Structures are given as C-alpha cells and as structure tokens.
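A short worksheet on the structure shown next.
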Number of protein chains: 2
Amino acid sequence: MTLVLHELVGKDNRRYSGYCWRGRMGIAHKGLDVTYVGCRHGDVEKLAFSGQAKVPVLVDGKHVICDSWDIACYLDDAYPERPALMDGPHGRALTRLVNIWADTQIDIPIVRSSFLDIFNNLHPNVDAANFRATREKRFGLTLEAMQEGHAANVAELSRNLAPLRALLRKQKWINGAEPAYGDYVVFGSFQFPRCLTGRRFLENNDPIAEWFSRVSRRFGGLANTVPTFGDLP
Amino acid sequence: MTLVLHELVGKDNRRYSGYCWRGRMGIAHKGLDVTYVGCRHGDVEKLAFSGQAKVPVLVDGKHVICDSWDIACYLDDAYPERPALMDGPHGRALTRLVNIWADTQIDIPIVRSSFLDIFNNLHPNVDAANFRATREKRFGLTLEAMQEGHAANVAELSRNLAPLRALLRKQKWINGAEPAYGDYVVFGSFQFPRCLTGRRFLENNDPIAEWFSRVSRRFGGLANTVPTFGDLP
C-alpha cells in the first residue's frame, strides 16, 4: 500500500519544511512508495483526521503518525526488514540527541533569519496577518527585526556547527559509512532555507556544504525534484 | 591478563582527567580487570614506550593504545563478546559526534574556568612555571583572567547543554535504556571539576546533575573511589 505524507506547501509549490523533509528522506531510505499531499500554513481542517494541526503527518493504511521523530521510529518499527534509519538501541537513542540538537542549535538561528521569508512565501489562501501577529508575539520582535540579525544568526549557527564540521572531516556521513536518519535530520534543517529563498547559511567550501550536496543527490536526487534556489543552503 | 591504564594524577592523588575517566568507565563497562598507573603533567619519559606524551594510554599485553576515543574503539573491537560501548555502526558513528561535541561544547567552558585550579593542584614535581607559561601563551590570557570569567563560562556551558538537558527529560541515559560510552564521555567532562576543586557548573535540580549522580553510582560507585569534592559537578 502507498504511504501518504502530508507536508507543508507555500506559494509556487514551495515545500520547505525541514521536518517534512526528514519524513521524505526517511521514507525514501526505507524504499517505500509514497504520495505527497501539500498542506498550507493554518490549514487545520485538512489535518483534522490526525487530531492535531501540524505537519508532517504520515498515513500508512489505518495508522496515522504525527511528528517527524515519531514517524522515523514508526518506519523502523513497522518495516524492520528494510534498511534501518536508526540501527540498534544506541542508534535510536543517540539519533534522538542529534534530532534535539538540530532542532535547537541549527534550526533556531536559521528560522530567526527566515520568518520574513516564510511570511513572503505563504500560500495566497493563508491568513498572513495572523501568521505575522502570532510569530511577533512569540519572539517579541518584528519579522523584519529578526531578519536584520541575519549576519549574527549566521555567526551563531557557525559556532554551533563546529562539532558537526569536525565530525565530517573524519567520516563521510553523520551515521558513518552510509547515510541514515541522523543525516536526514540535519539535511532537513538546511533544505529548509534552500527551498524557501536561497538565503545562504554555509560557505561553499564548508565540509557541511559538501556533505549537504552528497545527501541531496541520494535517492535519484529526490531533494532536487522540488523548486529550490541554487544547490547549497 | 590485567589491563594497565596510565592516567593523570595531581597532588593528593587527584585523578581529575575527564579523558582518563572515559577510559576508566569504558573498561568497567566491559568488565575487564585493570591496574591504574598515575602519571603527572609533563611526565613525558614515563610514557615514552607509547611514542607520545599524553594520557590516557591503555596497555593490553602487547597492544598500546593512546587517545580516549581509540581506546574505546579498541575495547569494543578486542572484546566483542562483552557489553558494547558503542552498539553497531550507527552507535559508533554517532558516539563520535557526542565525543567531539563534549570536547568542545562542554570541556572548553569548563577548562577555561579551571586552568588556575589545575595549576594549584599540580603534582609537586611538575614544572609549574612552564605549565603556566604554555597555557597563557596558547589562550592569550593569564590563568587568573580565564578563571575570572567563571560566571560567563557557566552561562555559556548551560546554553550549550540545552540539547542534552532536553534529551535527559525524555530518556534515562544518553545511550537509551542502559548507559554506554556516550554517557561515559559526558560523565568524564563533569567528573573533571568534581575531582579537581569542586567548583560548580550545574544546578542541583538540573536533569544533567541527576543523570551524573546515576552514572557515578555505576560499577559499585567507581567514580567515588578517588578523592572528590562533593557529589555533584
């Protein structure tokens, strides 16, 4: 049976959610058939069947799984005969740390630089004023002010990435000899700005940029089948 | 055959090297017999047999292994029938990220606060003036100036620890259901100040402090068999 992945879509078919990319890459790693269904910001009624309001949502027959981390665990548990996203108990436990680390140390500086871009790329049917108001209230700054800190956000991101940069000087993939879910987690974080606006966060000669390029070519270049802005984030 | 672990020793038998504690805990996890041999700062001739000048050094019969990471890999490779420090290919690849992350995001702010303490706890036979001069040249600050930044170092450390803190709210050990080498890596980073001076880096109610206490009780309380300053780092 074909899986269904409900994922974020903005205007001009921009599919920029890093969390949804974790799901896309995870499903591809397992070699499963999937249909992608686009969902706009605030499109709550479309996700009512899942009992919550956020993408990604994976539907596999009668199973409905929300949250990218739970989706990855589900895929390994439901399809143990296919390539493991997280190999063994240490694999899953330590990938969870990578997941949390990416959510905070990578995503926060990138998102801070990108809220205004998200606002400018909202699907035409989305309530843009409400999107702006809720984000500005949560962060206590205008979207413009957050983006004005772009250079500082990039500098903070670069400091946070030092351990990953050092790792990728020693091994080809985050998961070692072959890429797996640890790689896809971090990949999603960088695929986000690449699909949103092309605002840059990495130098071309950064080992992380070279690794990103390697991941983007996996699965027949799945990461390049959507509208993107350039090759590197 | 009994292993020999050459480890750092300061005055009053203080065994505070976090890297050596990684080795100690790793050997205990494998359930192997070991003799600890103390080695002072700058005690190069005592390590000449290893072809380099740093502890820890593990001797296992005719095998001599330097560097805590290589020691952990050796223990798993040489004793695969015993409990794994790093379970499977994802386990080792991802633990390497934890190792590099701890070396930079945890150790650097702690060491910056602690150089003056190390200086004050050097073994009486160590050339203290040379220790001071080399460190002050490397960092471009006096040992006193580095320690004066203690509050800022603690604040930086706390920010860096956010992903680990979040992980330990979700699972008991870094390695998941049972502790393993990822736990011992980070444990070593915090055992260091606890064995050196008792200068504090964690609040008592921090989930990381509670986790530290759990690790310190493993292997019959191995971590408490040396002179320490209090229960928590």
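Residues in the structure tokens are numbered from 1 in each chain, the chains being A, B, ... in the order shown, and ligands are numbered from 1 in the order shown.
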
Go through chain A residue by residue and, counting only C-alpha atoms, keep those with an atom at most 6 Å from chain B; for each kept residue give the shortest atom pair and its distance in Å to one decimal, ordered by chain and increasing number, as a tab-separated table.
residue	atom	partner	partner_atom	distance
A:Asp87	CA	B:His90	CA	5.7
A:His90	CA	B:Gly91	CA	5.1
A:Gly91	CA	B:Gly91	CA	5.0
A:Ala93	CA	B:Gly176	CA	4.8
A:Ile100	CA	B:Pro163	CA	5.6
A:Trp101	CA	B:Pro163	CA	5.1
A:Pro163	CA	B:Trp101	CA	5.1
A:Asn175	CA	B:Ala93	CA	5.3
A:Gly176	CA	B:Ala93	CA	4.8

Using N, CA and C atoms, can you write the selected residues to a file as an mmCIF file, in the first residue's frame?
data_model
loop_
_atom_site.group_PDB
_atom_site.id
_atom_site.type_symbol
_atom_site.label_atom_id
_atom_site.label_comp_id
_atom_site.auth_asym_id
_atom_site.auth_seq_id
_atom_site.Cartn_x
_atom_site.Cartn_y
_atom_site.Cartn_z
ATOM 1 N N ASP A 87 20.013 2.330 13.685
ATOM 2 C CA ASP A 87 20.441 0.950 13.816
ATOM 3 C C ASP A 87 20.670 0.585 15.287
ATOM 4 N N HIS A 90 21.423 1.847 20.572
ATOM 5 C CA HIS A 90 22.275 3.041 20.654
ATOM 6 C C HIS A 90 21.981 3.978 19.491
ATOM 7 N N GLY A 91 21.701 3.400 18.326
ATOM 8 C CA GLY A 91 21.402 4.228 17.153
ATOM 9 C C GLY A 91 20.212 5.132 17.405
ATOM 10 N N ALA A 93 18.757 5.979 20.355
ATOM 11 C CA ALA A 93 18.959 6.884 21.494
ATOM 12 C C ALA A 93 19.847 8.061 21.102
ATOM 13 N N ILE A 100 17.322 16.551 18.631
ATOM 14 C CA ILE A 100 17.101 17.691 19.531
ATOM 15 C C ILE A 100 18.157 18.772 19.281
ATOM 16 N N TRP A 101 19.384 18.334 19.053
ATOM 17 C CA TRP A 101 20.475 19.282 18.793
ATOM 18 C C TRP A 101 20.170 20.091 17.535
ATOM 19 N N PRO A 163 31.076 21.174 16.107
ATOM 20 C CA PRO A 163 31.255 19.722 16.301
ATOM 21 C C PRO A 163 30.894 18.910 15.049
ATOM 22 N N ASN A 175 25.955 9.333 10.024
ATOM 23 C CA ASN A 175 25.732 7.972 10.511
ATOM 24 C C ASN A 175 26.870 7.011 10.186
ATOM 25 N N GLY A 176 27.989 7.498 9.669
ATOM 26 C CA GLY A 176 29.153 6.637 9.469
ATOM 27 C C GLY A 176 29.393 6.282 8.023
#

Which of chain B fall in strand (DSSP E), as a list in words = Leu3, Val4, Leu5, His6, Glu7, Leu8, Val34, Thr35, Tyr36, Val37, Gly38, Cys39, Val57, Leu58, Val59, Asp60, His63, Val64, Ile65 and Cys66 of chain B

Contacts of segment 211-220 of chain B at 7 Å or less, counting only C-alpha atoms, minus same-chain residues fewer than 6 places along, as a tab-separated table (two decimals) with C-alpha atoms, in the first residue's frame?
chain	number	residue	atom	x	y	z
B	28	ALA	CA	34.50	-1.08	33.83
B	187	PHE	CA	30.45	11.91	32.54
B	232	LEU	CA	27.92	16.87	42.01

As a VMD selection string, please: all residues of chain B that backbone DSSP puts in helix (DSSP H, G or I).
-> chain B and resid 11 to 13 18 to 30 44 to 50 68 to 78 88 to 120 128 to 139 143 to 148 150 to 160 162 to 170 181 to 196 207 to 216 218 to 224

Would you save the residues from that selection as a short mmCIF file (atom, residue, chain, number, x, y, z; two decimals), in the first residue's frame, using C-alpha atoms?
data_model
loop_
_atom_site.label_atom_id
_atom_site.label_comp_id
_atom_site.auth_asym_id
_atom_site.auth_seq_id
_atom_site.Cartn_x
_atom_site.Cartn_y
_atom_site.Cartn_z
CA LYS B 11 48.82 16.38 44.15
CA ASP B 12 47.00 14.47 46.91
CA ASN B 13 46.26 11.67 44.43
CA GLY B 18 37.99 13.63 32.03
CA TYR B 19 39.67 11.78 29.16
CA CYS B 20 41.11 9.24 31.59
CA TRP B 21 37.68 8.81 33.19
CA ARG B 22 36.30 7.90 29.79
CA GLY B 23 38.84 5.10 29.77
CA ARG B 24 38.13 4.03 33.35
CA MET B 25 34.38 3.83 32.80
CA GLY B 26 34.79 2.10 29.45
CA ILE B 27 36.97 -0.61 30.95
CA ALA B 28 34.50 -1.08 33.83
CA HIS B 29 31.62 -1.37 31.32
CA LYS B 30 33.49 -4.18 29.59
CA VAL B 44 56.89 12.52 29.28
CA GLU B 45 59.59 9.93 29.93
CA LYS B 46 57.11 7.70 31.74
CA LEU B 47 55.03 7.48 28.54
CA ALA B 48 57.99 7.12 26.14
CA PHE B 49 57.02 3.49 25.48
CA SER B 50 53.81 4.80 23.84
CA SER B 68 40.47 8.00 24.77
CA TRP B 69 38.47 7.59 21.53
CA ASP B 70 40.87 5.00 20.14
CA ILE B 71 40.83 3.20 23.49
CA ALA B 72 37.02 2.91 23.39
CA CYS B 73 37.07 1.59 19.82
CA TYR B 74 39.83 -0.86 20.75
CA LEU B 75 37.88 -2.20 23.72
CA ASP B 76 34.84 -2.93 21.54
CA ASP B 77 36.95 -4.44 18.74
CA ALA B 78 39.13 -6.57 21.02
CA GLY B 88 26.58 -1.25 15.84
CA PRO B 89 27.80 1.08 13.08
CA HIS B 90 25.33 3.87 13.92
CA GLY B 91 26.32 3.61 17.57
CA ARG B 92 29.98 4.24 16.88
CA ALA B 93 29.42 6.95 14.25
CA LEU B 94 27.00 8.91 16.41
CA THR B 95 29.01 8.47 19.63
CA ARG B 96 31.88 10.11 17.77
CA LEU B 97 29.68 13.18 17.38
CA VAL B 98 28.89 13.10 21.11
CA ASN B 99 32.63 12.81 21.77
CA ILE B 100 33.53 15.82 19.61
CA TRP B 101 30.54 17.75 20.95
CA ALA B 102 31.65 17.16 24.57
CA ASP B 103 35.28 18.05 23.77
CA THR B 104 34.21 21.45 22.51
CA GLN B 105 30.81 22.49 23.82
CA ILE B 106 31.28 21.13 27.36
CA ASP B 107 35.01 20.92 28.01
CA ILE B 108 36.09 24.31 26.70
CA PRO B 109 33.98 26.44 29.07
CA ILE B 110 34.79 24.12 31.99
CA VAL B 111 38.54 24.10 31.30
CA ARG B 112 38.60 27.89 30.88
CA SER B 113 37.23 28.16 34.42
CA SER B 114 39.62 25.53 35.75
CA PHE B 115 43.14 26.23 34.47
CA LEU B 116 44.07 28.08 37.64
CA ASP B 117 42.71 25.17 39.69
CA ILE B 118 44.81 22.73 37.67
CA PHE B 119 47.84 24.94 38.26
CA ASN B 120 47.17 24.95 42.01
CA ALA B 128 54.56 24.71 37.35
CA ALA B 129 56.09 27.80 35.75
CA ASN B 130 56.29 26.02 32.41
CA PHE B 131 52.69 24.79 32.77
CA ARG B 132 51.51 28.37 33.36
CA ALA B 133 53.59 29.87 30.54
CA THR B 134 52.46 27.39 27.88
CA ARG B 135 48.76 27.73 28.74
CA GLU B 136 48.85 31.52 28.97
CA LYS B 137 50.59 31.71 25.60
CA ARG B 138 48.08 29.35 23.98
CA PHE B 139 44.98 31.25 25.21
CA LEU B 143 45.15 31.78 34.23
CA GLU B 144 43.60 34.23 36.69
CA ALA B 145 41.84 36.16 33.91
CA MET B 146 40.39 32.93 32.49
CA GLN B 147 39.01 31.94 35.86
CA GLU B 148 37.56 35.39 36.49
CA HIS B 150 33.67 31.73 35.60
CA ALA B 151 30.09 33.08 35.64
CA ALA B 152 30.22 33.72 31.89
CA ASN B 153 31.71 30.26 31.33
CA VAL B 154 28.87 28.66 33.32
CA ALA B 155 26.29 30.62 31.34
CA GLU B 156 27.87 29.56 28.03
CA LEU B 157 28.04 25.95 29.22
CA SER B 158 24.38 26.00 30.23
CA ARG B 159 23.35 27.21 26.76
CA ASN B 160 25.48 24.54 25.11
CA ALA B 162 20.31 22.63 26.30
CA PRO B 163 20.02 19.70 23.84
CA LEU B 164 21.42 17.22 26.38
CA ARG B 165 19.11 18.56 29.08
CA ALA B 166 16.11 18.06 26.76
CA LEU B 167 17.28 14.54 25.88
CA LEU B 168 17.57 13.53 29.54
CA ARG B 169 13.99 14.67 30.11
CA LYS B 170 12.96 12.03 27.55
CA TYR B 181 30.11 5.12 26.05
CA GLY B 182 28.10 8.25 25.14
CA ASP B 183 27.26 8.52 28.84
CA TYR B 184 30.87 7.98 29.91
CA VAL B 185 32.17 10.64 27.54
CA VAL B 186 29.97 13.33 29.04
CA PHE B 187 30.45 11.91 32.54
CA GLY B 188 34.20 12.42 32.21
CA SER B 189 33.69 16.07 31.29
CA PHE B 190 31.90 16.67 34.61
CA GLN B 191 33.94 14.30 36.78
CA PHE B 192 36.90 16.55 35.95
CA PRO B 193 35.88 19.60 38.04
CA ARG B 194 34.41 17.34 40.74
CA CYS B 195 37.81 15.69 41.25
CA LEU B 196 39.79 18.91 40.84
CA PRO B 207 18.38 16.84 34.89
CA ILE B 208 22.05 16.60 33.90
CA ALA B 209 23.09 16.68 37.58
CA GLU B 210 20.59 13.92 38.35
CA TRP B 211 21.92 11.87 35.44
CA PHE B 212 25.52 12.50 36.62
CA SER B 213 24.63 11.14 40.03
CA ARG B 214 23.18 7.98 38.43
CA VAL B 215 26.31 7.40 36.37
CA SER B 216 28.58 7.98 39.36
CA ARG B 218 27.54 2.56 38.42
CA PHE B 219 30.17 -0.16 38.80
CA GLY B 220 29.94 -0.13 42.57
CA GLY B 221 30.50 3.62 42.68
CA LEU B 222 33.84 3.51 40.84
CA ALA B 223 33.65 7.28 40.32
CA ASN B 224 33.59 7.79 44.09
#

Measure the distance from atom CA of Phe201 of chain B to atom CA of Cys66 of chain B in Å and round it to one decimal.
->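 We find that atom CA of Phe201 of chain B and atom CA of Cys66 of chain B lie 28.7 Å from each other.
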